[in-house]
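Chemist: Pasting target-v2.txt here (compact mmCIF, C-alpha atoms):
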```
# COMPACT_ATOMS: atom_id res chain seq x y z
CA MET J 278 -0.79 -136.94 57.42
CA ILE J 279 -1.69 -138.49 60.77
CA GLN J 280 -3.11 -136.73 63.78
CA PRO J 281 -1.43 -137.46 67.14
CA PRO J 282 -3.80 -138.05 70.05
CA PRO J 283 -4.84 -134.79 71.77
CA ASP J 284 -3.44 -136.00 75.09
CA GLU J 285 -0.04 -136.55 73.45
CA LEU J 286 0.01 -132.97 72.19
CA ALA J 287 -1.08 -131.60 75.54
CA ALA J 288 1.58 -133.59 77.36
CA GLU J 289 4.43 -131.88 75.53
CA ALA J 290 4.58 -128.82 77.75
CA GLY J 291 7.23 -126.40 76.63
CA TRP J 292 7.41 -127.64 73.02
CA TYR J 293 7.58 -123.96 71.99
CA GLY J 294 10.85 -123.36 73.86
CA THR J 295 11.85 -120.76 76.43
CA ALA J 296 12.11 -117.00 76.48
CA ALA J 297 15.86 -117.35 76.02
CA ASP J 298 15.23 -119.39 72.85
CA ALA J 299 12.78 -116.82 71.52
CA LEU J 300 15.15 -113.89 71.99
CA PRO J 301 18.23 -113.01 69.92
CA ASP J 302 21.57 -114.04 71.41
CA ASP J 303 22.41 -110.34 71.82
CA ALA J 304 18.93 -109.31 72.95
CA ALA J 305 20.38 -106.82 75.43
CA ASP J 306 21.76 -104.85 72.48
CA GLY J 307 18.59 -105.00 70.36
CA VAL J 308 15.40 -102.94 70.13
CA LEU J 309 12.64 -105.57 70.06
CA ILE J 310 8.94 -104.94 69.50
CA GLY J 311 5.93 -107.18 69.07
CA ARG J 312 2.28 -107.56 69.94
CA VAL J 313 0.27 -109.24 72.67
CA TRP J 314 -3.41 -109.92 73.11
CA ASP J 315 -4.26 -108.25 76.42
CA PRO J 316 -7.50 -109.40 78.09
CA LEU J 317 -7.48 -106.21 80.19
CA VAL J 318 -8.27 -104.18 77.06
CA GLU J 319 -9.90 -107.01 75.09
CA GLY J 320 -7.56 -106.47 72.19
CA PRO J 321 -4.02 -106.31 70.80
CA SER J 322 -1.29 -103.96 72.00
CA PRO J 323 2.17 -103.16 70.64
CA VAL J 324 4.87 -104.03 73.15
CA VAL J 325 8.59 -103.54 73.63
CA VAL J 326 10.61 -106.40 75.14
CA ARG J 327 13.47 -105.27 77.31
CA ASP J 328 15.57 -107.35 79.75
CA GLY J 329 13.14 -110.24 79.34
CA GLU J 330 10.15 -108.13 80.37
CA VAL J 331 7.20 -107.06 78.23
CA PHE J 332 5.90 -103.47 78.25
CA ASP J 333 2.70 -102.20 76.62
CA ILE J 334 3.41 -99.04 74.54
CA SER J 335 -0.06 -98.69 73.01
CA ALA J 336 -0.59 -95.36 74.82
CA ASP J 337 2.17 -93.95 72.63
CA PHE J 338 1.59 -96.02 69.49
CA PRO J 339 -1.74 -97.84 69.00
CA THR J 340 -0.34 -100.07 66.25
CA VAL J 341 3.00 -101.57 65.25
CA ARG J 342 2.42 -99.88 61.91
CA ASP J 343 2.61 -96.50 63.67
CA ILE J 344 5.97 -97.42 65.21
CA CYS J 345 7.41 -98.64 61.94
CA GLU J 346 6.42 -95.46 60.09
CA LEU J 347 8.52 -93.27 62.40
CA PRO J 348 11.64 -91.59 60.95
CA GLU J 349 13.78 -93.41 63.54
CA PRO J 350 11.71 -96.22 65.10
CA ALA J 351 14.48 -97.78 67.19
CA ALA J 352 15.59 -94.49 68.72
CA VAL J 353 12.04 -93.61 69.76
CA VAL J 354 11.11 -97.04 71.13
CA SER J 355 14.32 -97.41 73.11
CA GLY J 356 13.27 -94.36 75.14
CA LEU J 357 9.78 -95.60 76.01
CA ASP J 358 8.76 -97.21 79.28
CA GLY J 359 5.16 -98.37 78.97
CA ARG J 360 2.93 -100.43 81.24
CA HIS J 361 4.47 -103.66 82.49
CA VAL J 362 2.61 -106.65 81.05
CA GLY J 363 4.72 -109.46 82.49
CA GLY J 364 7.82 -111.53 81.92
CA LEU J 365 8.36 -112.79 78.38
CA GLY J 366 8.68 -116.34 79.71
CA ASP J 367 5.25 -116.19 81.32
CA VAL J 368 3.63 -114.61 78.26
CA LEU J 369 5.25 -117.18 75.97
CA ALA J 370 4.16 -120.07 78.19
CA ASN J 371 0.57 -118.86 78.15
CA THR J 372 0.75 -118.48 74.36
CA GLY J 373 1.73 -122.09 73.82
CA ALA J 374 -0.24 -123.67 76.66
CA ALA J 375 -2.63 -126.45 75.67
CA ASP J 376 -5.21 -124.84 77.96
CA ARG J 377 -4.47 -121.12 77.62
CA ASP J 378 -5.46 -118.83 80.48
CA ARG J 379 -7.54 -116.23 78.68
CA THR J 380 -7.37 -113.84 81.62
CA ARG J 381 -3.63 -113.37 80.99
CA PRO J 382 -1.83 -111.94 77.92
CA TRP J 383 -0.37 -114.01 75.08
CA LEU J 384 1.84 -113.26 72.08
CA LEU J 385 0.57 -112.45 68.61
CA ALA J 386 2.34 -112.03 65.28
CA PRO J 387 4.49 -108.89 65.62
CA VAL J 388 2.85 -106.96 62.74
CA ASP J 389 -0.65 -105.63 62.29
CA LEU J 390 -1.67 -103.30 59.43
CA GLN J 391 1.27 -104.11 57.16
CA ALA J 392 0.60 -106.03 53.94
CA LEU J 393 1.90 -109.62 54.03
CA LYS J 394 4.08 -110.17 50.96
CA ALA J 395 6.64 -112.79 49.95
CA ALA J 396 9.30 -113.26 47.30
CA GLY J 397 9.81 -116.67 45.72
CA VAL J 398 12.65 -118.39 43.87
CA THR J 399 15.25 -115.95 45.18
CA PHE J 400 18.09 -118.46 45.58
CA ALA J 401 19.11 -119.21 42.00
CA VAL J 402 22.04 -121.43 42.92
CA SER J 403 20.06 -124.16 44.64
CA MET J 404 17.28 -123.85 42.05
CA ILE J 405 19.65 -124.43 39.13
CA GLU J 406 21.40 -127.27 40.92
CA ARG J 407 18.06 -129.01 41.36
CA VAL J 408 17.41 -128.61 37.63
CA ILE J 409 20.83 -130.11 36.87
CA GLU J 410 20.23 -133.04 39.20
CA GLU J 411 16.80 -133.69 37.73
CA ARG J 412 18.12 -133.51 34.17
CA ALA J 413 20.99 -135.87 35.00
CA GLY J 414 18.61 -138.44 36.48
CA GLY J 415 20.85 -138.98 39.50
CA ASP J 416 23.97 -139.66 37.40
CA MET J 417 26.77 -137.68 39.08
CA ALA J 418 29.04 -137.87 36.03
CA LEU J 419 26.30 -136.62 33.74
CA ALA J 420 25.44 -133.85 36.21
CA ALA J 421 29.07 -132.74 36.23
CA ASP J 422 29.07 -132.62 32.43
CA ILE J 423 25.85 -130.56 32.30
CA ARG J 424 27.23 -128.21 34.94
CA ARG J 425 30.52 -127.84 33.08
CA ARG J 426 28.75 -126.96 29.82
CA MET J 427 26.51 -124.46 31.60
CA LEU J 428 29.43 -122.76 33.31
CA ALA J 429 31.39 -122.65 30.05
CA GLY J 430 28.47 -120.92 28.37
CA VAL J 431 27.80 -118.52 31.22
CA GLY J 432 31.42 -117.75 32.00
CA ALA J 433 30.78 -117.30 35.73
CA ASP J 434 30.18 -119.27 38.89
CA LEU J 435 26.46 -119.91 39.44
CA HIS J 436 26.80 -118.38 42.91
CA GLU J 437 27.75 -115.07 41.27
CA LEU J 438 24.97 -115.13 38.67
CA SER J 439 22.80 -111.99 38.73
CA PRO J 440 19.17 -112.38 37.66
CA GLY J 441 18.41 -110.34 34.55
CA SER J 442 22.07 -110.06 33.52
CA LYS J 443 23.57 -110.97 30.13
CA GLU J 444 25.08 -114.04 31.78
CA ALA J 445 21.65 -115.06 33.04
CA ALA J 446 20.22 -114.61 29.53
CA ARG J 447 22.94 -116.89 28.12
CA LEU J 448 22.16 -119.48 30.80
CA LYS J 449 18.50 -119.28 29.86
CA SER J 450 19.42 -120.09 26.26
CA LEU J 451 21.43 -123.10 27.43
CA LEU J 452 18.58 -124.36 29.60
CA VAL J 453 16.08 -123.94 26.77
CA ALA J 454 18.42 -125.96 24.55
CA GLU J 455 18.53 -128.64 27.28
CA GLY J 456 14.72 -128.68 27.31
CA VAL J 457 14.46 -127.74 30.97
CA TRP J 458 13.26 -124.13 30.92
CA SER J 459 10.28 -123.35 33.17
CA GLN J 460 8.33 -120.46 34.65
CA TYR J 461 10.22 -120.97 37.93
CA LEU J 462 13.55 -120.49 36.22
CA GLU J 463 12.15 -117.34 34.61
CA VAL J 464 11.53 -115.70 37.98
CA GLY J 465 14.70 -117.24 39.38
CA ILE J 466 17.17 -115.72 36.92
CA GLY J 467 15.02 -113.42 34.79
CA PRO J 468 14.73 -109.65 35.35
CA ASP J 469 11.48 -109.73 37.33
CA ALA J 470 11.14 -111.22 40.81
CA GLU J 471 8.18 -113.29 41.92
CA ILE J 472 6.46 -111.23 44.62
CA PHE J 473 3.08 -112.40 45.81
CA THR J 474 0.57 -111.83 48.59
CA LYS J 475 1.21 -114.39 51.32
CA GLY J 476 -1.82 -113.57 53.45
CA GLN J 477 -4.32 -110.92 54.35
CA ILE J 478 -3.70 -108.08 56.80
CA LEU J 479 -3.88 -109.29 60.43
CA SER J 480 -4.01 -112.96 59.40
CA ALA J 481 -0.42 -113.92 60.34
CA MET J 482 0.30 -116.28 63.22
CA GLY J 483 2.97 -115.67 65.84
CA THR J 484 5.23 -118.08 67.71
CA ALA J 485 4.11 -120.98 69.97
CA VAL J 486 0.87 -121.55 68.03
CA PRO J 487 -0.14 -123.91 65.20
CA VAL J 488 0.52 -123.33 61.51
CA GLY J 489 -1.81 -124.88 59.00
CA VAL J 490 -1.63 -127.04 55.88
CA LEU J 491 -4.77 -128.13 54.05
CA ALA J 492 -5.98 -131.57 55.05
CA ALA J 493 -6.17 -132.61 51.39
CA SER J 494 -2.49 -131.78 50.76
CA THR J 495 -0.14 -134.76 50.43
CA TRP J 496 3.10 -132.85 49.75
CA ASN J 497 3.98 -129.73 51.73
CA ASN J 498 6.80 -128.15 53.70
CA PRO J 499 7.88 -125.14 55.74
CA GLU J 500 9.92 -122.36 54.16
CA PRO J 501 12.23 -120.72 56.73
CA GLU J 502 12.89 -117.12 55.78
CA VAL J 503 13.98 -113.68 56.90
CA ALA J 504 11.24 -111.08 56.55
CA LEU J 505 11.89 -107.35 56.19
CA ILE J 506 9.72 -104.65 57.75
CA VAL J 507 9.21 -101.97 55.10
CA GLN J 508 7.81 -98.48 55.57
CA SER J 509 5.29 -96.98 53.17
CA SER J 510 8.21 -94.92 51.83
CA GLY J 511 10.07 -98.10 50.88
CA ARG J 512 12.63 -97.72 53.65
CA ILE J 513 13.55 -100.94 55.50
CA VAL J 514 13.35 -100.46 59.27
CA GLY J 515 13.61 -103.94 60.76
CA ALA J 516 13.45 -107.70 60.34
CA THR J 517 11.85 -110.81 61.78
CA LEU J 518 11.64 -114.53 61.02
CA ALA J 519 8.99 -116.18 58.87
CA ASN J 520 7.54 -119.51 57.84
CA ASP J 521 6.09 -119.27 54.33
CA VAL J 522 4.19 -122.57 54.60
CA ASN J 523 3.86 -124.09 51.13
CA LEU J 524 1.66 -126.80 49.58
CA ARG J 525 4.01 -128.24 46.98
CA ASP J 526 1.42 -130.58 45.46
CA VAL J 527 -0.99 -127.70 44.84
CA GLU J 528 1.58 -125.35 43.32
CA GLY J 529 3.05 -128.22 41.32
CA ARG J 530 -0.29 -128.80 39.60
CA SER J 531 -0.28 -125.24 38.28
CA ALA J 532 1.47 -121.99 39.16
CA LEU J 533 -1.96 -120.36 38.82
CA LEU J 534 -2.88 -122.17 42.04
CA LEU J 535 -0.22 -120.25 44.00
CA PRO J 536 -2.88 -118.43 46.11
CA MET J 537 -4.31 -121.79 47.17
CA ALA J 538 -0.84 -123.17 47.85
CA LYS J 539 0.25 -120.19 49.94
CA ASP J 540 -2.72 -118.40 51.52
CA ASN J 541 -4.73 -120.60 53.87
CA ASN J 542 -5.86 -120.40 57.47
CA ALA J 543 -2.77 -120.17 59.73
CA SER J 544 -0.38 -120.64 56.78
CA CYS J 545 1.80 -117.59 57.51
CA ALA J 546 3.90 -117.36 60.68
CA LEU J 547 6.02 -114.37 61.73
CA GLY J 548 8.05 -113.60 64.82
CA PRO J 549 8.64 -113.98 67.59
CA LEU J 550 9.51 -110.24 67.57
CA ILE J 551 10.63 -107.52 65.20
CA ARG J 552 14.18 -106.34 65.64
CA LEU J 553 14.35 -102.70 64.61
CA PHE J 554 17.36 -101.40 62.71
CA ASP J 555 19.87 -99.38 64.70
CA GLU J 556 23.64 -98.96 64.87
CA ARG J 557 24.05 -102.60 65.98
CA PHE J 558 21.62 -104.30 63.59
CA ASP J 559 21.06 -103.18 60.01
CA LEU J 560 20.51 -104.47 56.49
CA GLU J 561 24.15 -105.39 56.06
CA ARG J 562 23.88 -107.71 59.03
CA VAL J 563 20.69 -109.20 57.56
CA ARG J 564 22.60 -109.97 54.37
CA GLY J 565 24.94 -112.17 56.38
CA LEU J 566 22.37 -114.07 58.45
CA ALA J 567 22.09 -117.85 58.52
CA VAL J 568 18.59 -119.19 59.14
CA ARG J 569 18.36 -122.58 60.85
CA LEU J 570 15.51 -125.03 60.38
CA ASP J 571 14.71 -127.91 62.71
CA ILE J 572 11.70 -130.19 62.21
CA GLN J 573 10.80 -132.77 64.85
CA GLY J 574 7.94 -135.17 64.23
CA VAL J 575 5.91 -137.19 66.70
CA ASP J 576 7.00 -140.20 64.63
CA GLY J 577 10.62 -139.59 65.64
CA PHE J 578 11.55 -137.99 62.33
CA ARG J 579 14.18 -135.21 62.48
CA LEU J 580 15.29 -132.83 59.75
CA GLU J 581 17.81 -130.00 60.04
CA ALA J 582 18.96 -127.47 57.45
CA VAL J 583 20.50 -124.02 57.12
CA SER J 584 19.65 -121.26 54.64
CA GLU J 585 22.36 -118.63 54.20
CA MET J 586 21.26 -115.15 53.20
CA ALA J 587 24.67 -114.56 51.60
CA ARG J 588 23.59 -116.93 48.81
CA ILE J 589 20.46 -115.02 47.84
CA SER J 590 20.46 -114.16 44.13
CA ARG J 591 18.50 -110.91 44.44
CA ASP J 592 19.65 -108.37 47.00
CA PRO J 593 16.99 -107.53 49.60
CA GLU J 594 16.99 -103.87 48.53
CA GLU J 595 16.29 -104.91 44.94
CA LEU J 596 13.35 -107.03 46.09
CA VAL J 597 11.97 -104.10 48.08
CA ARG J 598 12.28 -101.85 45.01
CA GLN J 599 10.28 -104.37 43.01
CA LEU J 600 7.70 -104.51 45.81
CA ILE J 601 7.09 -100.83 46.44
CA GLY J 602 7.55 -97.58 44.52
CA SER J 603 5.77 -95.46 41.95
CA HIS J 604 4.37 -98.69 40.44
CA HIS J 605 2.76 -99.88 43.71
CA GLN J 606 2.14 -98.25 47.08
CA TYR J 607 1.48 -99.66 50.55
CA PRO J 608 0.22 -96.82 52.79
CA ASP J 609 0.64 -98.92 55.94
CA GLY J 610 3.91 -100.50 54.90
CA ALA J 611 4.60 -104.16 54.25
CA VAL J 612 6.34 -107.28 55.48
CA LEU J 613 8.44 -108.89 52.75
CA MET J 614 9.58 -112.50 53.15
CA LEU J 615 12.83 -112.92 51.25
CA GLY J 616 12.65 -116.57 50.17
CA THR J 617 14.56 -119.69 51.16
CA MET J 618 17.16 -122.16 49.94
CA PHE J 619 15.23 -124.94 51.67
CA ALA J 620 13.53 -127.53 49.42
CA PRO J 621 13.46 -130.82 51.36
CA ILE J 622 14.12 -134.04 49.49
CA GLN J 623 14.98 -136.24 52.50
CA ASP J 624 12.79 -139.35 52.51
CA ARG J 625 10.49 -139.56 55.50
CA ASP J 626 8.41 -142.72 55.19
CA HIS J 627 9.46 -144.61 52.06
CA PRO J 628 12.42 -144.37 49.67
CA GLY J 629 11.78 -141.98 46.82
CA GLU J 630 8.75 -140.30 48.41
CA GLY J 631 10.67 -137.35 49.90
CA PHE J 632 9.47 -135.14 52.73
CA THR J 633 6.04 -133.89 53.67
CA HIS J 634 4.62 -132.63 56.95
CA LYS J 635 2.64 -134.69 59.41
CA THR J 636 0.38 -133.09 61.97
CA GLY J 637 2.19 -132.64 65.22
CA ASP J 638 5.49 -131.66 63.56
CA VAL J 639 7.29 -128.98 65.56
CA VAL J 640 9.04 -126.49 63.27
CA ARG J 641 11.80 -124.29 64.67
CA ILE J 642 13.18 -121.46 62.56
CA GLY J 643 16.03 -119.59 64.20
CA SER J 644 18.85 -117.12 63.73
CA PRO J 645 21.13 -115.79 66.50
CA ALA J 646 20.27 -112.18 65.63
CA LEU J 647 16.49 -112.72 65.53
CA GLY J 648 15.68 -115.49 67.99
CA THR J 649 13.54 -118.55 67.23
CA LEU J 650 10.07 -118.87 65.72
CA VAL J 651 8.39 -122.13 66.80
CA ASN J 652 5.13 -123.59 65.48
CA ARG J 653 3.36 -126.93 65.46
CA VAL J 654 1.76 -128.20 62.26
CA GLN J 655 -1.96 -128.88 62.13
CA HIS J 656 -4.55 -129.06 59.40
CA ALA J 657 -5.55 -125.53 58.45
CA GLU J 658 -9.17 -126.52 58.92
CA ASP J 659 -8.46 -127.42 62.56
CA CYS J 660 -6.50 -124.27 63.44
CA ALA J 661 -8.27 -121.44 65.22
CA PRO J 662 -10.23 -119.45 62.63
CA TRP J 663 -9.09 -115.95 61.74
CA ASP J 664 -11.89 -113.80 63.14
CA PHE J 665 -10.27 -110.47 64.14
CA GLY J 666 -10.04 -108.14 61.18
CA VAL J 667 -9.24 -104.49 60.49
CA ARG J 668 -12.70 -103.27 61.52
CA ASP J 669 -12.41 -105.15 64.81
CA LEU J 670 -9.03 -103.55 65.45
CA MET J 671 -10.32 -100.06 64.72
CA ALA J 672 -13.35 -100.59 66.95
CA ASN J 673 -11.17 -101.83 69.81
CA LEU J 674 -8.70 -98.96 69.55
CA THR J 675 -11.56 -96.47 69.45
CA LYS J 676 -13.14 -98.02 72.54
CA ARG J 677 -9.79 -97.66 74.33
CA GLY J 678 -9.51 -94.01 73.33
CA LEU J 679 -6.38 -94.65 71.24
CA LEU J 680 -7.79 -93.35 67.95
```
So that I can check it, write out the structure of this file as structure tokens.
Modeler:
Amino acid sequence: MIQPPPDELAAEAGWYGTAADALPDDAADGVLIGRVWDPLVEGPSPVVVRDGEVFDISADFPTVRDICELPEPAAVVSGLDGRHVGGLGDVLANTGAADRDRTRPWLLAPVDLQALKAAGVTFAVSMIERVIEERAGGDMALAADIRRRMLAGVGADLHELSPGSKEAARLKSLLVAEGVWSQYLEVGIGPDAEIFTKGQILSAMGTAVPVGVLAASTWNNPEPEVALIVQSSGRIVGATLANDVNLRDVEGRSALLLPMAKDNNASCALGPLIRLFDERFDLERVRGLAVRLDIQGVDGFRLEAVSEMARISRDPEELVRQLIGSHHQYPDGAVLMLGTMFAPIQDRDHPGEGFTHKTGDVVRIGSPALGTLVNRVQHAEDCAPWDFGVRDLMANLTKRGLL
């Protein structure tokens, strides 16, 4: 990975987009909440974004967690006024500015006390197709023959395959016979989902700020995803966008290195805002979302892709049931990233070497119903250190008389 000159980065004013880009297409119909760092109170505040303006609602709810634990979060928030913080465009511009004005507010990740969790290998179709392609060695005729034999044994379209089903068990037997079974296929079509801790509480990044990959990594990529906001009860109350940054070289060495591959400084991005569920936006609409990915490099490289939630192999409600219940509790709720179809193979520098990030890459993850999350890639070691933890939050809220 190469580092663009600092003056080149600073010159790209507006790389993070506009307020209109950040907001859903139907923002006027949505209940949108997030967080800002407010220098006036020397700490973070929950906000509601309405008509392009940002309002501090910390006097009513000190944390986003408190909002999301309400019986009807959207109904309550839609009736709140709050203190005017500023226009979303101004707050966003200060967030992404090369020389941020620290006397004015900027955006943070839209969650606070919720656990940061993620589900992996949730799109069985693309996973199995990659196995077929790898096994066929690039021979389209051979791939078609392998696919035909698999489908004949399974008796169903791969798109309709349900993890943990009898059909999935028969497919597993076929793959074992082909000599291609792996631990990834086990969590892809087996009964148990892969659900892991993506980051620590309060460590997520928001929009218009860097995301980090380890300097030593030579093969890595973004993972554009939808993330659900889950109450401590297990009820889903909203959604946002996520980038589950992944070090493919590290995880490829051993699945036991997943924490190192996934949880590093600035390696989890969420936002820009949470859209709370209401009569216009609910889980059924989430099931039909398409998530766009756009990567633009300072070297002129461009990559675009789309991940369709309709092709997920495990329903979001099933993933939430595997996350939370009598077997595991989250008293402050959780964010659950739902996984991605995206696994880039497009060559960037040399034929056969595939894709990996370079510092300076701008990553845009968008969906019309959720807006656009924008981040620039840097080495994790060079990103701002995470230095505001739970104790700091509690101390700040106490000082402000909110606890």
Chemist: Please compute the atom CA of His361 of chain J-atom CA of Pro645 of chain J distance, one decimal, in Å.
Modeler: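 If I compute the distance from atom CA of His361 of chain J to atom CA of Pro645 of chain J, I get 26.1 Å.
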Chemist: I'd like the neighbourhood of Val353 of chain J as a CSV table (one decimal) with C-alpha atoms, in the coordinates of the input, where a residue qualifies if any of its atoms comes within 12 Å (using only C-alpha atoms), though same-chain residues fewer than 5 positions away should be ignored.
Modeler:
```csv
chain,number,residue,atom,x,y,z
J,308,VAL,CA,15.4,-102.9,70.1
J,309,LEU,CA,12.6,-105.6,70.1
J,310,ILE,CA,8.9,-104.9,69.5
J,325,VAL,CA,8.6,-103.5,73.6
J,334,ILE,CA,3.4,-99.0,74.5
J,337,ASP,CA,2.2,-94.0,72.6
J,338,PHE,CA,1.6,-96.0,69.5
J,343,ASP,CA,2.6,-96.5,63.7
J,344,ILE,CA,6.0,-97.4,65.2
J,345,CYS,CA,7.4,-98.6,61.9
J,346,GLU,CA,6.4,-95.5,60.1
J,347,LEU,CA,8.5,-93.3,62.4
J,348,PRO,CA,11.6,-91.6,61.0
J,358,ASP,CA,8.8,-97.2,79.3
J,553,LEU,CA,14.4,-102.7,64.6
J,554,PHE,CA,17.4,-101.4,62.7
J,555,ASP,CA,19.9,-99.4,64.7
```
Chemist: With all atoms listed in the file as the atoms that count, which of J:Glu471, J:Glu556, J:Asp626, J:Glu581 lies nearest to Ala395 of chain J?
Modeler: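 Residue with the minimum atom-to-atom distance to Ala395 of chain J: J:Glu471.
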Chemist: Which residue, J:Cys660, J:Val640, J:Met671, J:Leu647, has the smallest gap to Gly574 of chain J when you use all atoms listed in the file?
Modeler: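 Smallest distance to Gly574 of chain J is found for J:Val640.
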Chemist: Which residue gives the smallest distance to Ala538 of chain J among J:Arg591, J:Arg379, J:Arg342, J:Lys475, with all atoms listed in the file counted?
Modeler: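 Checking each candidate against Ala538 of chain J, we get J:Lys475 as the closest.
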Chemist: Would you mind reading off the distance between atom CA of Ala657 of chain J and atom CA of Leu390 of chain J, one decimal, in Å?
Modeler: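 Value for the atom CA of Ala657 of chain J-atom CA of Leu390 of chain J distance: 22.6 Å.
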Chemist: For atom CA of Val597 of chain J and atom CA of Gly467 of chain J, determine how far apart the two atoms are, in Å to one decimal place.
Modeler: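 Atom CA of Gly467 of chain J lies 16.5 Å from atom CA of Val597 of chain J.
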Chemist: Using 10 Å as the limit and counting only C-alpha atoms, can you tabulate each residue of segment 531-576 of chain J that touches segment 508-526 of chain J, with its shortest atom-to-atom distance in Å and the two atoms involved, as CSV?
Modeler:
```
residue,atom,partner,partner_atom,distance
J:Ser531,CA,J:Asp526,CA,9.1
J:Leu534,CA,J:Leu524,CA,9.9
J:Leu535,CA,J:Leu524,CA,8.8
J:Met537,CA,J:Leu524,CA,8.2
J:Ala538,CA,J:Leu524,CA,4.7
J:Lys539,CA,J:Asn523,CA,5.4
J:Asp540,CA,J:Val522,CA,8.6
J:Asn541,CA,J:Val522,CA,9.2
J:Ala543,CA,J:Val522,CA,9.0
J:Ser544,CA,J:Val522,CA,5.4
J:Cys545,CA,J:Asp521,CA,5.6
J:Ala546,CA,J:Asn520,CA,5.1
J:Leu547,CA,J:Ala519,CA,4.5
J:Gly548,CA,J:Leu518,CA,5.3
J:Pro549,CA,J:Leu518,CA,7.2
J:Leu550,CA,J:Thr517,CA,6.3
J:Ile551,CA,J:Thr517,CA,4.9
J:Arg552,CA,J:Gly515,CA,5.5
J:Leu553,CA,J:Gly515,CA,4.1
J:Phe554,CA,J:Gly515,CA,4.9
J:Asp555,CA,J:Val514,CA,8.6
J:Phe558,CA,J:Gly515,CA,8.5
J:Asp559,CA,J:Gly515,CA,7.5
J:Leu560,CA,J:Ile513,CA,7.9
J:Val563,CA,J:Ala516,CA,7.9
J:Val568,CA,J:Leu518,CA,8.6
```
Chemist: Which residue is closest to Asp576 of chain J? Choose from J:Arg426, J:Lys635, J:Arg557, J:His627 and count only C-alpha atoms.
Modeler: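 Of J:Arg426, J:Lys635, J:Arg557, J:His627, the one nearest Asp576 of chain J, counting only C-alpha atoms, is J:Lys635.
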Chemist: Please provide as a PyMOL selection string all residues within 8 Å of segment 612-616 of chain J, with the sequence filter that same-chain residues fewer than 6 positions apart are discarded (counting all atoms listed in the file).
Modeler: chain J and resi 391-400+500-507+519+521+593+596-597
Chemist: Tell me which of J:Val583, J:Leu679, J:Pro662, J:Val488 sits closest to Thr636 of chain J, counting all atoms listed in the file.
Modeler: J:Val488
Chemist: So which one's closest to Phe473 of chain J, J:Arg569, J:Val575, J:Ile423, J:Ala611? Using only C-alpha atoms, please.
Modeler: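 The shortest atom-to-atom distance to Phe473 of chain J comes from J:Ala611.
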Chemist: Can you pull out every residue within 9 Å of Pro382 of chain J, counting all atoms listed in the file, but drop anything in the same chain fewer than 3 positions away, and send it as JSON, numbers by chain?
Modeler: {"J": [313, 314, 315, 316, 317, 362, 363, 367, 368, 371, 372, 378, 379]}
Chemist: Name the residues in contact with Asn673 of chain J at a cut-off of 9 Å, using all atoms listed in the file, excluding same-chain residues fewer than 6 positions from it; report them as an NGL selection string.
Modeler: :J and (318-321 or 679)
Chemist: Once you have the residues from the selection above, write them out as a short mmCIF file (atom, residue, chain, number, x, y, z; two decimals), keeping the file's coordinate frame, restricted to C-alpha atoms.
Modeler:
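Below is the file out20.cif, written as the result:
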```cif
data_model
loop_
_atom_site.label_atom_id
_atom_site.label_comp_id
_atom_site.auth_asym_id
_atom_site.auth_seq_id
_atom_site.Cartn_x
_atom_site.Cartn_y
_atom_site.Cartn_z
CA VAL J 318 -8.27 -104.18 77.06
CA GLU J 319 -9.90 -107.01 75.09
CA GLY J 320 -7.56 -106.47 72.19
CA PRO J 321 -4.02 -106.31 70.80
CA LEU J 679 -6.38 -94.65 71.24
#
```
